[in-house]
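The structure appears right after this line, and notes come after that.
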Amino acid sequence: MLINLSEVFTLEGKEKTWEVPFEAKAYKGSRVEYPVVSANPVKITVKNLGNRKLSLTGNTSVTLAIPCSRCLEPVNYTTDIEFDQEIDMNASDEDRVKDLDEQSYLSGYNLDADMLVCNELSLYLPMKVLCKDNCKGICSRCGANLNKGDCGCDTWVPDPRMAAIQDIFKQFKEV
Ligand SMILES: [Zn+2]
Ligand SMILES: [Zn+2]
């Protein structure tokens, strides 16, 4: 959802709070895309600090469906987000993108609340999510989810030292 900041921007000392819905259907990272399960409204307070600078504070909470890093089953993962930033309206949109090293959520006087939250999410999300601590993962042969029962595959991996000895025996037999 876009928020127009011009009302705050034109009056020094002016402060305004918005509460807008988080409308993104998914969080898109550089290599991942997680569906949004639910989200609290995004609370954003913008204050005009003078000298064409604005302070931006707020919070929300977003629940994403993130695949378990072992069995790939989606796990509902809730992230509480708090932001506290300063916006320098003297900088051009391009400068801001360069400074923040991220997509700019600000275009002219319009603030994109979804993009702001997604940028913050990228800082908060964990590298790994497990459905449970003792998740058994998936079978390396058939891909079955081992939490749902044994698939019956023979996943016995011979000890490499034993394999070497077996090779020697084989050679003797062949002679
Ligand atoms: Zn799992
Ligand atoms: Zn299997």
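Labels used: A, B, ... for chains in the order of the structure tokens, numbers from 1 for residues in each chain, and numbers from 1 for ligands as shown.
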
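Taking only C-alpha atoms and all ligand atoms into account, the residues that come within 10 Å of ligand 2 are Ile138, Cys139, Ser140, Arg141, Cys142, Gly143, Ala144, Asn145, Leu146, Gly149, Asp150, Cys151, Gly152, Cys153, Asp154 and Thr155 of chain A.
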
Closest-contact table, chain A side, partner ligand 1, 12 Å, counting only C-alpha atoms and all ligand atoms, as JSON lines:
{"residue": "A:Ile66", "atom": "CA", "partner": "ligand 1", "partner_atom_place_in_ligand_line": "1 (Zn)", "distance": 10.6}
{"residue": "A:Pro67", "atom": "CA", "partner": "ligand 1", "partner_atom_place_in_ligand_line": "1 (Zn)", "distance": 7.9}
{"residue": "A:Cys68", "atom": "CA", "partner": "ligand 1", "partner_atom_place_in_ligand_line": "1 (Zn)", "distance": 4.7}
{"residue": "A:Ser69", "atom": "CA", "partner": "ligand 1", "partner_atom_place_in_ligand_line": "1 (Zn)", "distance": 6.6}
{"residue": "A:Arg70", "atom": "CA", "partner": "ligand 1", "partner_atom_place_in_ligand_line": "1 (Zn)", "distance": 5.0}
{"residue": "A:Cys71", "atom": "CA", "partner": "ligand 1", "partner_atom_place_in_ligand_line": "1 (Zn)", "distance": 4.0}
{"residue": "A:Leu72", "atom": "CA", "partner": "ligand 1", "partner_atom_place_in_ligand_line": "1 (Zn)", "distance": 6.1}
{"residue": "A:Glu73", "atom": "CA", "partner": "ligand 1", "partner_atom_place_in_ligand_line": "1 (Zn)", "distance": 5.9}
{"residue": "A:Pro74", "atom": "CA", "partner": "ligand 1", "partner_atom_place_in_ligand_line": "1 (Zn)", "distance": 8.3}
{"residue": "A:Val75", "atom": "CA", "partner": "ligand 1", "partner_atom_place_in_ligand_line": "1 (Zn)", "distance": 8.3}
{"residue": "A:Asn76", "atom": "CA", "partner": "ligand 1", "partner_atom_place_in_ligand_line": "1 (Zn)", "distance": 11.9}
{"residue": "A:Lys128", "atom": "CA", "partner": "ligand 1", "partner_atom_place_in_ligand_line": "1 (Zn)", "distance": 10.8}
{"residue": "A:Val129", "atom": "CA", "partner": "ligand 1", "partner_atom_place_in_ligand_line": "1 (Zn)", "distance": 8.3}
{"residue": "A:Leu130", "atom": "CA", "partner": "ligand 1", "partner_atom_place_in_ligand_line": "1 (Zn)", "distance": 5.3}
{"residue": "A:Cys131", "atom": "CA", "partner": "ligand 1", "partner_atom_place_in_ligand_line": "1 (Zn)", "distance": 4.3}
{"residue": "A:Lys132", "atom": "CA", "partner": "ligand 1", "partner_atom_place_in_ligand_line": "1 (Zn)", "distance": 6.1}
{"residue": "A:Asp133", "atom": "CA", "partner": "ligand 1", "partner_atom_place_in_ligand_line": "1 (Zn)", "distance": 8.2}
{"residue": "A:Asn134", "atom": "CA", "partner": "ligand 1", "partner_atom_place_in_ligand_line": "1 (Zn)", "distance": 8.0}
{"residue": "A:Cys135", "atom": "CA", "partner": "ligand 1", "partner_atom_place_in_ligand_line": "1 (Zn)", "distance": 4.6}
{"residue": "A:Lys136", "atom": "CA", "partner": "ligand 1", "partner_atom_place_in_ligand_line": "1 (Zn)", "distance": 6.7}
{"residue": "A:Gly137", "atom": "CA", "partner": "ligand 1", "partner_atom_place_in_ligand_line": "1 (Zn)", "distance": 5.5}
{"residue": "A:Ile138", "atom": "CA", "partner": "ligand 1", "partner_atom_place_in_ligand_line": "1 (Zn)", "distance": 8.3}
{"residue": "A:Cys139", "atom": "CA", "partner": "ligand 1", "partner_atom_place_in_ligand_line": "1 (Zn)", "distance": 11.9}
{"residue": "A:Ala144", "atom": "CA", "partner": "ligand 1", "partner_atom_place_in_ligand_line": "1 (Zn)", "distance": 11.6}
{"residue": "A:Asn145", "atom": "CA", "partner": "ligand 1", "partner_atom_place_in_ligand_line": "1 (Zn)", "distance": 8.2}
{"residue": "A:Leu146", "atom": "CA", "partner": "ligand 1", "partner_atom_place_in_ligand_line": "1 (Zn)", "distance": 9.0}
{"residue": "A:Asn147", "atom": "CA", "partner": "ligand 1", "partner_atom_place_in_ligand_line": "1 (Zn)", "distance": 7.5}
{"residue": "A:Lys148", "atom": "CA", "partner": "ligand 1", "partner_atom_place_in_ligand_line": "1 (Zn)", "distance": 10.4}

Write out, as a tab-separated table (two decimals), in the first residue's frame, the residues just selected, with N, CA, C and O atoms.
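The resulting file, part-v9.tsv, is reproduced below:
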chain	number	residue	atom	x	y	z
A	66	ILE	N	7.67	-20.90	5.46
A	66	ILE	CA	9.04	-21.14	5.03
A	66	ILE	C	9.31	-22.65	5.05
A	66	ILE	O	9.00	-23.31	6.04
A	67	PRO	N	9.86	-23.20	3.97
A	67	PRO	CA	10.10	-24.66	3.97
A	67	PRO	C	11.13	-25.05	5.03
A	67	PRO	O	12.14	-24.38	5.20
A	68	CYS	N	10.84	-26.15	5.74
A	68	CYS	CA	11.80	-26.71	6.69
A	68	CYS	C	13.07	-27.04	5.91
A	68	CYS	O	13.00	-27.59	4.80
A	69	SER	N	14.23	-26.69	6.45
A	69	SER	CA	15.46	-26.87	5.68
A	69	SER	C	15.86	-28.34	5.60
A	69	SER	O	16.75	-28.68	4.83
A	70	ARG	N	15.19	-29.24	6.33
A	70	ARG	CA	15.49	-30.67	6.20
A	70	ARG	C	14.46	-31.42	5.37
A	70	ARG	O	14.79	-32.18	4.48
A	71	CYS	N	13.14	-31.21	5.69
A	71	CYS	CA	12.12	-32.02	5.01
A	71	CYS	C	11.31	-31.21	3.99
A	71	CYS	O	10.49	-31.78	3.29
A	72	LEU	N	11.54	-29.92	3.92
A	72	LEU	CA	10.90	-29.03	2.95
A	72	LEU	C	9.41	-28.78	3.19
A	72	LEU	O	8.78	-28.07	2.43
A	73	GLU	N	8.83	-29.33	4.26
A	73	GLU	CA	7.43	-29.03	4.59
A	73	GLU	C	7.34	-27.56	5.02
A	73	GLU	O	8.21	-27.08	5.76
A	74	PRO	N	6.31	-26.82	4.57
A	74	PRO	CA	6.21	-25.42	4.97
A	74	PRO	C	5.98	-25.26	6.48
A	74	PRO	O	5.19	-26.01	7.07
A	75	VAL	N	6.68	-24.32	7.07
A	75	VAL	CA	6.56	-24.03	8.50
A	75	VAL	C	6.10	-22.58	8.64
A	75	VAL	O	6.66	-21.70	8.00
A	76	ASN	N	5.06	-22.36	9.46
A	76	ASN	CA	4.63	-20.97	9.69
A	76	ASN	C	5.63	-20.28	10.61
A	76	ASN	O	5.81	-20.70	11.76
A	128	LYS	N	17.93	-20.66	8.49
A	128	LYS	CA	17.38	-22.01	8.52
A	128	LYS	C	16.14	-22.05	9.38
A	128	LYS	O	16.11	-21.45	10.44
A	129	VAL	N	15.12	-22.78	8.93
A	129	VAL	CA	13.94	-23.01	9.75
A	129	VAL	C	13.72	-24.52	9.80
A	129	VAL	O	13.81	-25.19	8.77
A	130	LEU	N	13.48	-25.05	10.99
A	130	LEU	CA	13.18	-26.48	11.11
A	130	LEU	C	11.74	-26.64	11.58
A	130	LEU	O	11.27	-25.87	12.41
A	131	CYS	N	11.03	-27.66	11.07
A	131	CYS	CA	9.65	-27.89	11.48
A	131	CYS	C	9.62	-28.36	12.93
A	131	CYS	O	8.69	-28.10	13.66
A	132	LYS	N	10.68	-29.10	13.34
A	132	LYS	CA	10.88	-29.49	14.73
A	132	LYS	C	12.36	-29.83	14.89
A	132	LYS	O	13.02	-30.17	13.90
A	133	ASP	N	12.85	-29.75	16.13
A	133	ASP	CA	14.28	-29.95	16.35
A	133	ASP	C	14.77	-31.30	15.85
A	133	ASP	O	15.87	-31.42	15.35
A	134	ASN	N	13.90	-32.32	15.99
A	134	ASN	CA	14.36	-33.66	15.61
A	134	ASN	C	13.79	-34.09	14.26
A	134	ASN	O	13.54	-35.26	14.03
A	135	CYS	N	13.59	-33.13	13.37
A	135	CYS	CA	13.08	-33.45	12.03
A	135	CYS	C	14.03	-34.46	11.39
A	135	CYS	O	15.24	-34.28	11.39
A	136	LYS	N	13.45	-35.54	10.83
A	136	LYS	CA	14.28	-36.61	10.26
A	136	LYS	C	14.66	-36.32	8.81
A	136	LYS	O	15.45	-37.06	8.22
A	137	GLY	N	14.06	-35.27	8.22
A	137	GLY	CA	14.43	-34.93	6.85
A	137	GLY	C	13.83	-35.87	5.82
A	137	GLY	O	12.86	-36.57	6.10
A	138	ILE	N	14.42	-35.86	4.62
A	138	ILE	CA	13.87	-36.71	3.56
A	138	ILE	C	14.88	-37.80	3.21
A	138	ILE	O	16.08	-37.64	3.41
A	139	CYS	N	14.35	-38.92	2.69
A	139	CYS	CA	15.20	-40.04	2.29
A	139	CYS	C	16.06	-39.60	1.11
A	139	CYS	O	15.57	-39.00	0.15
A	144	ALA	N	11.19	-39.45	0.16
A	144	ALA	CA	10.05	-39.51	1.08
A	144	ALA	C	10.36	-38.72	2.35
A	144	ALA	O	11.51	-38.65	2.79
A	145	ASN	N	9.31	-38.12	2.92
A	145	ASN	CA	9.45	-37.42	4.19
A	145	ASN	C	9.53	-38.46	5.31
A	145	ASN	O	8.56	-39.15	5.60
A	146	LEU	N	10.69	-38.57	5.94
A	146	LEU	CA	10.91	-39.64	6.93
A	146	LEU	C	10.18	-39.38	8.24
A	146	LEU	O	10.09	-40.27	9.08
A	147	ASN	N	9.63	-38.15	8.44
A	147	ASN	CA	8.82	-37.89	9.63
A	147	ASN	C	7.49	-38.64	9.54
A	147	ASN	O	6.82	-38.85	10.53
A	148	LYS	N	7.10	-38.99	8.31
A	148	LYS	CA	5.81	-39.64	8.10
A	148	LYS	C	5.94	-41.16	8.09
A	148	LYS	O	5.01	-41.86	7.75

Test item: residues at most 9 Å from segment 106-116 of chain A, only C-alpha atoms, excluding those fewer than 3 positions along its chain, as a PDB file with C-alpha atoms, in the first residue's frame:
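Writing done, so here's around.pdb:
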ATOM      1  CA  MET A   1       0.000   0.000   0.000  1.00  0.00           C
ATOM      2  CA  LEU A   2       1.296   3.467  -0.906  1.00  0.00           C
ATOM      3  CA  ILE A   3       1.397   6.258   1.671  1.00  0.00           C
ATOM      4  CA  ASN A   4       1.641   9.823   0.459  1.00  0.00           C
ATOM      5  CA  LEU A   5       4.088  11.775   2.637  1.00  0.00           C
ATOM      6  CA  SER A   6       3.582  15.219   1.105  1.00  0.00           C
ATOM      7  CA  PHE A   9       6.817  16.895   4.233  1.00  0.00           C
ATOM      8  CA  VAL A  20      -2.177   0.240   6.598  1.00  0.00           C
ATOM      9  CA  PRO A  21      -2.624  -3.394   5.577  1.00  0.00           C
ATOM     10  CA  PHE A  22       0.361  -5.442   4.447  1.00  0.00           C
ATOM     11  CA  GLU A  23      -0.758  -6.411   0.957  1.00  0.00           C
ATOM     12  CA  ALA A  24       2.162  -8.416  -0.422  1.00  0.00           C
ATOM     13  CA  VAL A  42       1.707  -1.947   9.340  1.00  0.00           C
ATOM     14  CA  ILE A  44       4.082   3.804  10.389  1.00  0.00           C
ATOM     15  CA  MET A  89      14.710  13.934   0.978  1.00  0.00           C
ATOM     16  CA  SER A  92      17.719  11.469  -5.079  1.00  0.00           C
ATOM     17  CA  ASP A  93      15.924   8.132  -5.350  1.00  0.00           C
ATOM     18  CA  ARG A  96      19.063   6.326  -1.619  1.00  0.00           C
ATOM     19  CA  GLN A 103      15.317  -1.463  -3.500  1.00  0.00           C
ATOM     20  CA  ASN A 119      13.234  -4.907   3.048  1.00  0.00           C
ATOM     21  CA  GLU A 120      13.097  -5.218   6.831  1.00  0.00           C
ATOM     22  CA  LEU A 121      12.080  -8.886   6.612  1.00  0.00           C
TER      23      LEU A 121
END

Write down as a PDB file with C-alpha atoms, in the first residue's frame the residues of segment 1-121 of chain A whose backbone DSSP state falls under strand (DSSP E or B).
ATOM      1  CA  LEU A   2       1.296   3.467  -0.906  1.00  0.00           C
ATOM      2  CA  ILE A   3       1.397   6.258   1.671  1.00  0.00           C
ATOM      3  CA  ASN A   4       1.641   9.823   0.459  1.00  0.00           C
ATOM      4  CA  GLU A  15       3.983  14.077  12.646  1.00  0.00           C
ATOM      5  CA  LYS A  16       1.487  11.580  11.340  1.00  0.00           C
ATOM      6  CA  THR A  17       0.751   7.921  11.985  1.00  0.00           C
ATOM      7  CA  TRP A  18      -0.758   5.543   9.462  1.00  0.00           C
ATOM      8  CA  GLU A  19      -2.029   2.042   9.915  1.00  0.00           C
ATOM      9  CA  VAL A  20      -2.177   0.240   6.598  1.00  0.00           C
ATOM     10  CA  ALA A  26       4.729 -13.287  -0.817  1.00  0.00           C
ATOM     11  CA  TYR A  27       8.136 -12.295   0.441  1.00  0.00           C
ATOM     12  CA  LYS A  28      10.596 -12.365  -2.449  1.00  0.00           C
ATOM     13  CA  GLU A  33       9.928 -16.768  -2.315  1.00  0.00           C
ATOM     14  CA  TYR A  34       7.836 -17.429   0.808  1.00  0.00           C
ATOM     15  CA  PRO A  35       4.024 -17.077   0.782  1.00  0.00           C
ATOM     16  CA  VAL A  36       2.528 -14.689   3.330  1.00  0.00           C
ATOM     17  CA  VAL A  37       0.225 -16.622   5.690  1.00  0.00           C
ATOM     18  CA  SER A  38      -0.964 -13.619   7.709  1.00  0.00           C
ATOM     19  CA  ALA A  39       0.194 -10.169   8.738  1.00  0.00           C
ATOM     20  CA  VAL A  42       1.707  -1.947   9.340  1.00  0.00           C
ATOM     21  CA  LYS A  43       1.972   0.967  11.757  1.00  0.00           C
ATOM     22  CA  ILE A  44       4.082   3.804  10.389  1.00  0.00           C
ATOM     23  CA  THR A  45       4.822   7.144  12.039  1.00  0.00           C
ATOM     24  CA  VAL A  46       6.547   9.801   9.975  1.00  0.00           C
ATOM     25  CA  LYS A  47       7.876  13.012  11.481  1.00  0.00           C
ATOM     26  CA  ASN A  48       9.272  16.037   9.703  1.00  0.00           C
ATOM     27  CA  LEU A  49      12.644  16.798  11.345  1.00  0.00           C
ATOM     28  CA  GLY A  50      13.353  19.860   9.244  1.00  0.00           C
ATOM     29  CA  LYS A  53      14.679  15.085   6.677  1.00  0.00           C
ATOM     30  CA  LEU A  54      12.016  12.710   7.951  1.00  0.00           C
ATOM     31  CA  SER A  55      12.087  10.146  10.707  1.00  0.00           C
ATOM     32  CA  LEU A  56      10.278   6.912  10.048  1.00  0.00           C
ATOM     33  CA  THR A  57       9.321   4.530  12.840  1.00  0.00           C
ATOM     34  CA  GLY A  58       6.852   1.710  13.079  1.00  0.00           C
ATOM     35  CA  ASN A  59       6.185  -1.960  13.450  1.00  0.00           C
ATOM     36  CA  THR A  60       4.278  -4.956  12.244  1.00  0.00           C
ATOM     37  CA  SER A  61       4.339  -8.730  12.451  1.00  0.00           C
ATOM     38  CA  VAL A  62       4.344 -11.061   9.446  1.00  0.00           C
ATOM     39  CA  THR A  63       3.868 -14.840   9.295  1.00  0.00           C
ATOM     40  CA  LEU A  64       5.488 -16.554   6.315  1.00  0.00           C
ATOM     41  CA  ALA A  65       5.361 -20.183   5.183  1.00  0.00           C
ATOM     42  CA  ILE A  66       9.045 -21.143   5.035  1.00  0.00           C
ATOM     43  CA  PRO A  67      10.100 -24.655   3.970  1.00  0.00           C
ATOM     44  CA  PRO A  74       6.209 -25.415   4.974  1.00  0.00           C
ATOM     45  CA  VAL A  75       6.562 -24.033   8.501  1.00  0.00           C
ATOM     46  CA  ASN A  76       4.630 -20.972   9.695  1.00  0.00           C
ATOM     47  CA  TYR A  77       7.293 -18.565  10.879  1.00  0.00           C
ATOM     48  CA  THR A  78       6.288 -15.272  12.530  1.00  0.00           C
ATOM     49  CA  THR A  79       8.636 -12.294  12.499  1.00  0.00           C
ATOM     50  CA  ASP A  80       8.069  -9.176  14.597  1.00  0.00           C
ATOM     51  CA  ILE A  81       9.451  -6.167  12.797  1.00  0.00           C
ATOM     52  CA  GLU A  82      10.373  -2.767  14.212  1.00  0.00           C
ATOM     53  CA  PHE A  83      11.821  -0.071  12.048  1.00  0.00           C
ATOM     54  CA  ASP A  84      13.445   3.224  12.888  1.00  0.00           C
ATOM     55  CA  GLN A  85      14.992   5.079  10.009  1.00  0.00           C
ATOM     56  CA  GLU A  86      15.803   8.527   8.775  1.00  0.00           C
ATOM     57  CA  ILE A  87      14.933   9.602   5.277  1.00  0.00           C
ATOM     58  CA  ASP A  88      16.923  12.358   3.632  1.00  0.00           C
ATOM     59  CA  LEU A 106      10.352   5.597  -1.572  1.00  0.00           C
ATOM     60  CA  SER A 107       9.383   7.040  -4.923  1.00  0.00           C
ATOM     61  CA  ASN A 110       5.085   7.958  -1.981  1.00  0.00           C
ATOM     62  CA  LEU A 111       6.205   5.387   0.538  1.00  0.00           C
ATOM     63  CA  ASP A 112       5.539   1.764  -0.390  1.00  0.00           C
TER      64      ASP A 112
END

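Our summary of the geometry notes that atom CA of Leu125 of chain A is positioned 16.9 Å from atom CA of Asn40 of chain A.
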
Just list as a ChimeraX atom specification whatever in segment 44-96 of chain A DSSP marks as helix (DSSP H, G or I). /A:93-96

Any idea what the distance is between atom CA of Lys25 of chain A and atom CA of Met127 of chain A?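 Calculated distance between atom CA of Lys25 of chain A and atom CA of Met127 of chain A is 21.0 Å.
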